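These notes concern the structure reproduced below.
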Amino acid sequence: MQLHTREWGPSDGKVAVLIHGIMADSQCWWRVGPHLASLGYHVIAVDLPGHGGSPRAEVYSPELFASSVLESVPAGPELAIGHSLGGLTLAVAVERLRPGRAIYSDPAFRLPRVEGGAPMTDMMAQLKDATIEQVAAMHPGWTAEENAVEIEMLKLWDPRTALSLSEIVGSDHTPEPVVPSLVQLADPSFLVSPEYAKDLVAKGFEVRVVKGAEHTIHRHLFEDFLAGLDSWI
């Protein structure tokens, strides 16, 4: 599946690949992309299947997301950043993509089970028609511009992507750190517990917590997101 992409920076620059999370698309990198471009990167941000301007599928899976990215960006980029579902996608693709460095921002290597109530994936799907007031209430630290971007992305999102992920809730997609790999965490992270973070360190990942950051670190605390990547970009 050939994905829709959004690009910044010089065409002959070192390549950076950005992979967004569930419900979002390449628009969510509206500050990250230009910043990396200012550092000389040619930035390619994908819209995953079922998101943004990319094609829809009957069934979505981590392998579909990963294989679509591999078909849509150059192999061996200098840098790859995946947030949440994008981190899971990068985890599945990393051995084949082989970036110079991999950054997993609050990654969904493991989708946790929620005790009682509807599954997390079902709750995500219900956010398709969220109003800007609801978005602002869910993300009190976001700017008005970030809230507006969220509404635009939700319009282009296929909620079946979330429903399809119910099949992998409780499974483990933790990758091997086959390239230098940073895991950047929210504070607290609902996806990576402190115990799991210690396991990642023992496995060979560098783990950094962005103090006070919610799950969407690059959208909530942009400057702190960048500071957390110091020496990696």
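Here's how to read the names in the structure tokens: chain A, B, ... by the order shown, residue numbers from 1 in each chain, ligand numbers from 1 in the order shown.
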Kindly assemble as CSV a list of the range 134-170 of chain A residues that lie within 12 Å of range 213-232 of chain A, each paired with its nearest atom pair and their distance in Å to one decimal, using only C-alpha atoms, sorted first by chain and then by ascending residue number.
```
residue,atom,partner,partner_atom,distance
A:Ala136,CA,A:His220,CA,11.7
A:Met138,CA,A:Glu214,CA,10.5
A:His139,CA,A:His220,CA,8.1
A:Pro140,CA,A:His220,CA,9.0
A:Gly141,CA,A:His220,CA,5.9
A:Trp142,CA,A:His220,CA,5.4
A:Thr143,CA,A:His220,CA,8.0
A:Ala144,CA,A:His220,CA,11.4
A:Glu145,CA,A:Arg219,CA,10.2
A:Glu146,CA,A:Arg219,CA,7.0
A:Asn147,CA,A:Arg219,CA,9.7
A:Val149,CA,A:Arg219,CA,10.3
A:Glu150,CA,A:Arg219,CA,10.2
```
Produce a file of the selected residues containing N, CA and C atoms, as a JSON list (two decimals), in the first residue's frame.
```
[["chain", "number", "residue", "atom", "x", "y", "z"],
["A", 136, "ALA", "N", -10.30, 19.73, 23.73],
["A", 136, "ALA", "CA", -9.64, 20.64, 24.67],
["A", 136, "ALA", "C", -9.73, 20.12, 26.10],
["A", 138, "MET", "N", -9.92, 16.92, 26.97],
["A", 138, "MET", "CA", -9.06, 15.74, 27.09],
["A", 138, "MET", "C", -7.58, 16.10, 27.10],
["A", 139, "HIS", "N", -7.24, 17.24, 26.50],
["A", 139, "HIS", "CA", -5.84, 17.65, 26.39],
["A", 139, "HIS", "C", -5.68, 19.09, 26.89],
["A", 140, "PRO", "N", -5.79, 19.31, 28.20],
["A", 140, "PRO", "CA", -5.78, 20.68, 28.72],
["A", 140, "PRO", "C", -4.47, 21.43, 28.47],
["A", 141, "GLY", "N", -3.40, 20.71, 28.18],
["A", 141, "GLY", "CA", -2.12, 21.38, 27.94],
["A", 141, "GLY", "C", -1.88, 21.76, 26.49],
["A", 142, "TRP", "N", -2.79, 21.38, 25.60],
["A", 142, "TRP", "CA", -2.61, 21.69, 24.18],
["A", 142, "TRP", "C", -2.96, 23.15, 23.89],
["A", 143, "THR", "N", -2.38, 23.67, 22.83],
["A", 143, "THR", "CA", -2.74, 25.00, 22.34],
["A", 143, "THR", "C", -4.01, 24.91, 21.51],
["A", 144, "ALA", "N", -4.63, 26.06, 21.26],
["A", 144, "ALA", "CA", -5.83, 26.10, 20.41],
["A", 144, "ALA", "C", -5.51, 25.59, 19.01],
["A", 145, "GLU", "N", -4.31, 25.88, 18.52],
["A", 145, "GLU", "CA", -3.92, 25.41, 17.18],
["A", 145, "GLU", "C", -3.82, 23.89, 17.16],
["A", 146, "GLU", "N", -3.29, 23.31, 18.23],
["A", 146, "GLU", "CA", -3.18, 21.85, 18.30],
["A", 146, "GLU", "C", -4.56, 21.20, 18.35],
["A", 147, "ASN", "N", -5.49, 21.81, 19.07],
["A", 147, "ASN", "CA", -6.86, 21.29, 19.11],
["A", 147, "ASN", "C", -7.49, 21.30, 17.72],
["A", 149, "VAL", "N", -5.93, 21.16, 14.84],
["A", 149, "VAL", "CA", -5.28, 20.12, 14.03],
["A", 149, "VAL", "C", -5.91, 18.76, 14.34],
["A", 150, "GLU", "N", -6.20, 18.50, 15.62],
["A", 150, "GLU", "CA", -6.80, 17.23, 16.01],
["A", 150, "GLU", "C", -8.16, 17.03, 15.33]]
```
Spatial neighbours of Thr131 in chain A, 12 Å, only C-alpha atoms, chain gap at least 3 places, as a JSON list (two decimals) with N, CA, C and O atoms, in the first residue's frame:
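Below is the file that was written, part-v2.json:
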```json
[["chain", "number", "residue", "atom", "x", "y", "z"],
["A", 126, "GLN", "N", -14.78, 5.61, 19.56],
["A", 126, "GLN", "CA", -15.87, 6.52, 19.92],
["A", 126, "GLN", "C", -15.46, 7.99, 19.85],
["A", 126, "GLN", "O", -16.31, 8.88, 19.89],
["A", 127, "LEU", "N", -14.16, 8.24, 19.73],
["A", 127, "LEU", "CA", -13.68, 9.62, 19.67],
["A", 127, "LEU", "C", -13.71, 10.21, 18.27],
["A", 127, "LEU", "O", -13.38, 11.37, 18.07],
["A", 128, "LYS", "N", -14.14, 9.43, 17.29],
["A", 128, "LYS", "CA", -14.18, 9.88, 15.89],
["A", 128, "LYS", "C", -14.91, 11.21, 15.74],
["A", 128, "LYS", "O", -14.48, 12.10, 15.00],
["A", 134, "GLN", "N", -14.50, 18.95, 23.43],
["A", 134, "GLN", "CA", -14.12, 17.67, 24.05],
["A", 134, "GLN", "C", -12.62, 17.43, 23.92],
["A", 134, "GLN", "O", -11.99, 16.94, 24.86],
["A", 135, "VAL", "N", -12.06, 17.77, 22.76],
["A", 135, "VAL", "CA", -10.61, 17.62, 22.56],
["A", 135, "VAL", "C", -9.86, 18.48, 23.56],
["A", 135, "VAL", "O", -8.89, 18.04, 24.20],
["A", 136, "ALA", "N", -10.30, 19.73, 23.73],
["A", 136, "ALA", "CA", -9.64, 20.64, 24.67],
["A", 136, "ALA", "C", -9.73, 20.12, 26.10],
["A", 136, "ALA", "O", -8.78, 20.25, 26.88],
["A", 137, "ALA", "N", -10.86, 19.50, 26.44],
["A", 137, "ALA", "CA", -11.02, 18.95, 27.79],
["A", 137, "ALA", "C", -10.12, 17.74, 28.01],
["A", 137, "ALA", "O", -9.60, 17.54, 29.12],
["A", 138, "MET", "N", -9.92, 16.92, 26.97],
["A", 138, "MET", "CA", -9.06, 15.74, 27.09],
["A", 138, "MET", "C", -7.58, 16.10, 27.10],
["A", 138, "MET", "O", -6.77, 15.35, 27.65],
["A", 147, "ASN", "N", -5.49, 21.81, 19.07],
["A", 147, "ASN", "CA", -6.86, 21.29, 19.11],
["A", 147, "ASN", "C", -7.49, 21.30, 17.72],
["A", 147, "ASN", "O", -8.16, 20.35, 17.33],
["A", 148, "ALA", "N", -7.25, 22.37, 16.97],
["A", 148, "ALA", "CA", -7.82, 22.48, 15.62],
["A", 148, "ALA", "C", -7.22, 21.42, 14.70],
["A", 148, "ALA", "O", -7.94, 20.84, 13.87],
["A", 150, "GLU", "N", -6.20, 18.50, 15.62],
["A", 150, "GLU", "CA", -6.80, 17.23, 16.01],
["A", 150, "GLU", "C", -8.16, 17.03, 15.33],
["A", 150, "GLU", "O", -8.46, 15.93, 14.83],
["A", 151, "ILE", "N", -8.97, 18.05, 15.29],
["A", 151, "ILE", "CA", -10.29, 17.95, 14.65],
["A", 151, "ILE", "C", -10.14, 17.65, 13.17],
["A", 151, "ILE", "O", -10.86, 16.81, 12.61],
["A", 152, "GLU", "N", -9.19, 18.30, 12.51],
["A", 152, "GLU", "CA", -8.97, 18.04, 11.08],
["A", 152, "GLU", "C", -8.52, 16.61, 10.85],
["A", 152, "GLU", "O", -8.94, 15.96, 9.89],
["A", 154, "LEU", "N", -9.16, 13.97, 12.82],
["A", 154, "LEU", "CA", -10.25, 13.05, 13.12],
["A", 154, "LEU", "C", -11.21, 12.92, 11.93],
["A", 154, "LEU", "O", -11.77, 11.84, 11.69],
["A", 155, "LYS", "N", -11.40, 14.01, 11.18],
["A", 155, "LYS", "CA", -12.27, 13.97, 10.00],
["A", 155, "LYS", "C", -11.77, 12.96, 8.97],
["A", 155, "LYS", "O", -12.56, 12.38, 8.22]]
```
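Within range 52-229 of chain A, residues classed as strand (DSSP E) by DSSP on backbone coordinates are Leu79, Ala80, Ile81, Gly82, His83, Arg101, Ala102, Ile103, Tyr104, Ser105, Ser181, Leu182, Val183, Gln184, Leu185, Glu206, Val207, Arg208 and Val209 of chain A.
Near His42 in chain A, within 7 Å and counting only C-alpha atoms, sit A:Trp8, A:Gly9, A:Pro10, A:Ser11, A:Asp12, A:Gly13, A:Lys14, A:Val15, A:Ala16, A:Ala37, A:Gly40, A:Ile44; same-chain residues fewer than 2 positions away were not included.
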Limited to all heavy atoms, could you put the picked residues into a file as a PDB file, in the first residue's frame?
```pdb
ATOM      1  N   TRP A   8       9.192  17.864   4.344  1.00  0.00           N
ATOM      2  CA  TRP A   8       9.836  19.139   4.624  1.00  0.00           C
ATOM      3  C   TRP A   8      11.329  18.979   4.359  1.00  0.00           C
ATOM      4  O   TRP A   8      11.877  17.880   4.444  1.00  0.00           O
ATOM      5  CB  TRP A   8       9.677  19.540   6.089  1.00  0.00           C
ATOM      6  CG  TRP A   8       8.290  19.759   6.590  1.00  0.00           C
ATOM      7  CD1 TRP A   8       7.594  20.934   6.615  1.00  0.00           C
ATOM      8  CD2 TRP A   8       7.417  18.791   7.208  1.00  0.00           C
ATOM      9  NE1 TRP A   8       6.363  20.752   7.190  1.00  0.00           N
ATOM     10  CE2 TRP A   8       6.224  19.448   7.553  1.00  0.00           C
ATOM     11  CE3 TRP A   8       7.544  17.425   7.472  1.00  0.00           C
ATOM     12  CZ2 TRP A   8       5.160  18.801   8.172  1.00  0.00           C
ATOM     13  CZ3 TRP A   8       6.490  16.761   8.077  1.00  0.00           C
ATOM     14  CH2 TRP A   8       5.310  17.443   8.423  1.00  0.00           C
ATOM     15  N   GLY A   9      12.006  20.085   4.093  1.00  0.00           N
ATOM     16  CA  GLY A   9      13.462  20.084   4.052  1.00  0.00           C
ATOM     17  C   GLY A   9      14.046  19.797   2.693  1.00  0.00           C
ATOM     18  O   GLY A   9      13.339  19.450   1.740  1.00  0.00           O
ATOM     19  N   PRO A  10      15.375  19.917   2.584  1.00  0.00           N
ATOM     20  CA  PRO A  10      16.060  19.754   1.302  1.00  0.00           C
ATOM     21  C   PRO A  10      15.957  18.332   0.770  1.00  0.00           C
ATOM     22  O   PRO A  10      16.073  17.364   1.530  1.00  0.00           O
ATOM     23  CB  PRO A  10      17.518  20.112   1.643  1.00  0.00           C
ATOM     24  CG  PRO A  10      17.652  19.849   3.106  1.00  0.00           C
ATOM     25  CD  PRO A  10      16.316  20.185   3.692  1.00  0.00           C
ATOM     26  N   SER A  11      15.748  18.214  -0.535  1.00  0.00           N
ATOM     27  CA  SER A  11      15.571  16.886  -1.145  1.00  0.00           C
ATOM     28  C   SER A  11      16.825  16.031  -1.029  1.00  0.00           C
ATOM     29  O   SER A  11      16.752  14.800  -1.067  1.00  0.00           O
ATOM     30  CB  SER A  11      15.170  17.030  -2.613  1.00  0.00           C
ATOM     31  OG  SER A  11      16.156  17.756  -3.332  1.00  0.00           O
ATOM     32  N   ASP A  12      17.986  16.684  -0.897  1.00  0.00           N
ATOM     33  CA  ASP A  12      19.241  15.929  -0.804  1.00  0.00           C
ATOM     34  C   ASP A  12      19.727  15.792   0.643  1.00  0.00           C
ATOM     35  O   ASP A  12      20.861  15.382   0.886  1.00  0.00           O
ATOM     36  CB  ASP A  12      20.325  16.594  -1.646  1.00  0.00           C
ATOM     37  CG  ASP A  12      20.619  18.034  -1.221  1.00  0.00           C
ATOM     38  OD1 ASP A  12      19.831  18.598  -0.421  1.00  0.00           O
ATOM     39  OD2 ASP A  12      21.619  18.597  -1.693  1.00  0.00           O
ATOM     40  N   GLY A  13      18.867  16.121   1.607  1.00  0.00           N
ATOM     41  CA  GLY A  13      19.259  16.020   3.012  1.00  0.00           C
ATOM     42  C   GLY A  13      19.201  14.597   3.516  1.00  0.00           C
ATOM     43  O   GLY A  13      18.652  13.696   2.868  1.00  0.00           O
ATOM     44  N   LYS A  14      19.780  14.369   4.679  1.00  0.00           N
ATOM     45  CA  LYS A  14      19.679  13.061   5.319  1.00  0.00           C
ATOM     46  C   LYS A  14      18.212  12.827   5.678  1.00  0.00           C
ATOM     47  O   LYS A  14      17.502  13.741   6.112  1.00  0.00           O
ATOM     48  CB  LYS A  14      20.573  13.004   6.554  1.00  0.00           C
ATOM     49  CG  LYS A  14      20.399  14.159   7.527  1.00  0.00           C
ATOM     50  CD  LYS A  14      21.503  14.233   8.558  1.00  0.00           C
ATOM     51  CE  LYS A  14      21.321  15.448   9.453  1.00  0.00           C
ATOM     52  NZ  LYS A  14      22.398  15.590  10.445  1.00  0.00           N
ATOM     53  N   VAL A  15      17.738  11.622   5.506  1.00  0.00           N
ATOM     54  CA  VAL A  15      16.302  11.348   5.609  1.00  0.00           C
ATOM     55  C   VAL A  15      15.885  11.056   7.046  1.00  0.00           C
ATOM     56  O   VAL A  15      16.537  10.292   7.765  1.00  0.00           O
ATOM     57  CB  VAL A  15      15.916  10.161   4.696  1.00  0.00           C
ATOM     58  CG1 VAL A  15      14.446   9.776   4.894  1.00  0.00           C
ATOM     59  CG2 VAL A  15      16.184  10.515   3.231  1.00  0.00           C
ATOM     60  N   ALA A  16      14.774  11.668   7.452  1.00  0.00           N
ATOM     61  CA  ALA A  16      14.118  11.364   8.722  1.00  0.00           C
ATOM     62  C   ALA A  16      12.689  10.938   8.419  1.00  0.00           C
ATOM     63  O   ALA A  16      11.988  11.612   7.657  1.00  0.00           O
ATOM     64  CB  ALA A  16      14.113  12.575   9.648  1.00  0.00           C
ATOM     65  N   ALA A  37      13.831  19.821   9.491  1.00  0.00           N
ATOM     66  CA  ALA A  37      14.263  20.368   8.200  1.00  0.00           C
ATOM     67  C   ALA A  37      15.299  21.472   8.409  1.00  0.00           C
ATOM     68  O   ALA A  37      16.262  21.586   7.640  1.00  0.00           O
ATOM     69  CB  ALA A  37      13.059  20.899   7.433  1.00  0.00           C
ATOM     70  N   GLY A  40      18.713  20.250   8.528  1.00  0.00           N
ATOM     71  CA  GLY A  40      19.256  19.657   7.318  1.00  0.00           C
ATOM     72  C   GLY A  40      18.643  18.335   6.918  1.00  0.00           C
ATOM     73  O   GLY A  40      19.079  17.718   5.940  1.00  0.00           O
ATOM     74  N   ILE A  44      10.185  12.956   5.966  1.00  0.00           N
ATOM     75  CA  ILE A  44       9.042  12.300   5.324  1.00  0.00           C
ATOM     76  C   ILE A  44       8.126  11.795   6.438  1.00  0.00           C
ATOM     77  O   ILE A  44       8.493  10.888   7.188  1.00  0.00           O
ATOM     78  CB  ILE A  44       9.478  11.121   4.439  1.00  0.00           C
ATOM     79  CG1 ILE A  44      10.506  11.577   3.405  1.00  0.00           C
ATOM     80  CG2 ILE A  44       8.264  10.493   3.758  1.00  0.00           C
ATOM     81  CD1 ILE A  44      11.113  10.433   2.593  1.00  0.00           C
TER      82      ILE A  44
END
```
Show me, as a PyMOL selection string, the residues that have an atom within 8 Å of Met23 in chain A when counting only C-alpha atoms, minus same-chain residues fewer than 5 positions from it. chain A and resi 51+128+153-154+157-159
Next, the residues of the selection above should be written as a compact mmCIF listing (two decimals), in the first residue's frame with C-alpha atoms.
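Written out: selection_36.txt:
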```txt
# COMPACT_ATOMS: atom_id res chain seq x y z
CA HIS A 51 -5.42 7.82 8.42
CA LYS A 128 -14.18 9.88 15.89
CA MET A 153 -7.20 14.71 11.56
CA LEU A 154 -10.25 13.05 13.12
CA TRP A 157 -9.52 8.95 10.30
CA ASP A 158 -11.07 5.51 9.82
CA PRO A 159 -12.07 4.32 13.33
```
Long-range neighbours of range 94-98 of chain A as a count of residues only, 8 Å cut-off, only C-alpha atoms, 6 positions minimum in chain: 7
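Each of A:Met123, A:Leu36, A:Val17, A:Val207 was compared to Thr89 in chain A using only C-alpha atoms, and A:Val17 turns out to be the nearest.
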What's the separation between CA of Ile233 in chain A and CA of Pro49 in chain A, in Å to one decimal place? 26.8 Å
Could you pull out all residues of range 56-205 of chain A with a DSSP call of helix (DSSP H, G or I) and give them as a ChimeraX atom specification? /A:62-72,85-97,120-129,132-138,144-155,160-168,194-203
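Proximity to Ala108 in chain A was assessed for A:Arg56, A:Arg208, A:Arg31, A:His20 counting only C-alpha atoms; the smallest distance is recorded for A:His20.
The residue set within 7 Å of Arg101 in chain A, counting only C-alpha atoms and dropping same-chain residues fewer than 3 places from it, reads Glu78, Leu79, Ala80, Val179, Pro180 and Ser181 of chain A.
Taking CA of Ser164 in chain A and CA of Leu3 in chain A as endpoints, the distance between them is 18.8 Å.
Closest approach to Asp106 in chain A among A:Val209, A:Ala186, A:Leu48, A:Leu85: A:Ala186, based on only C-alpha atoms.
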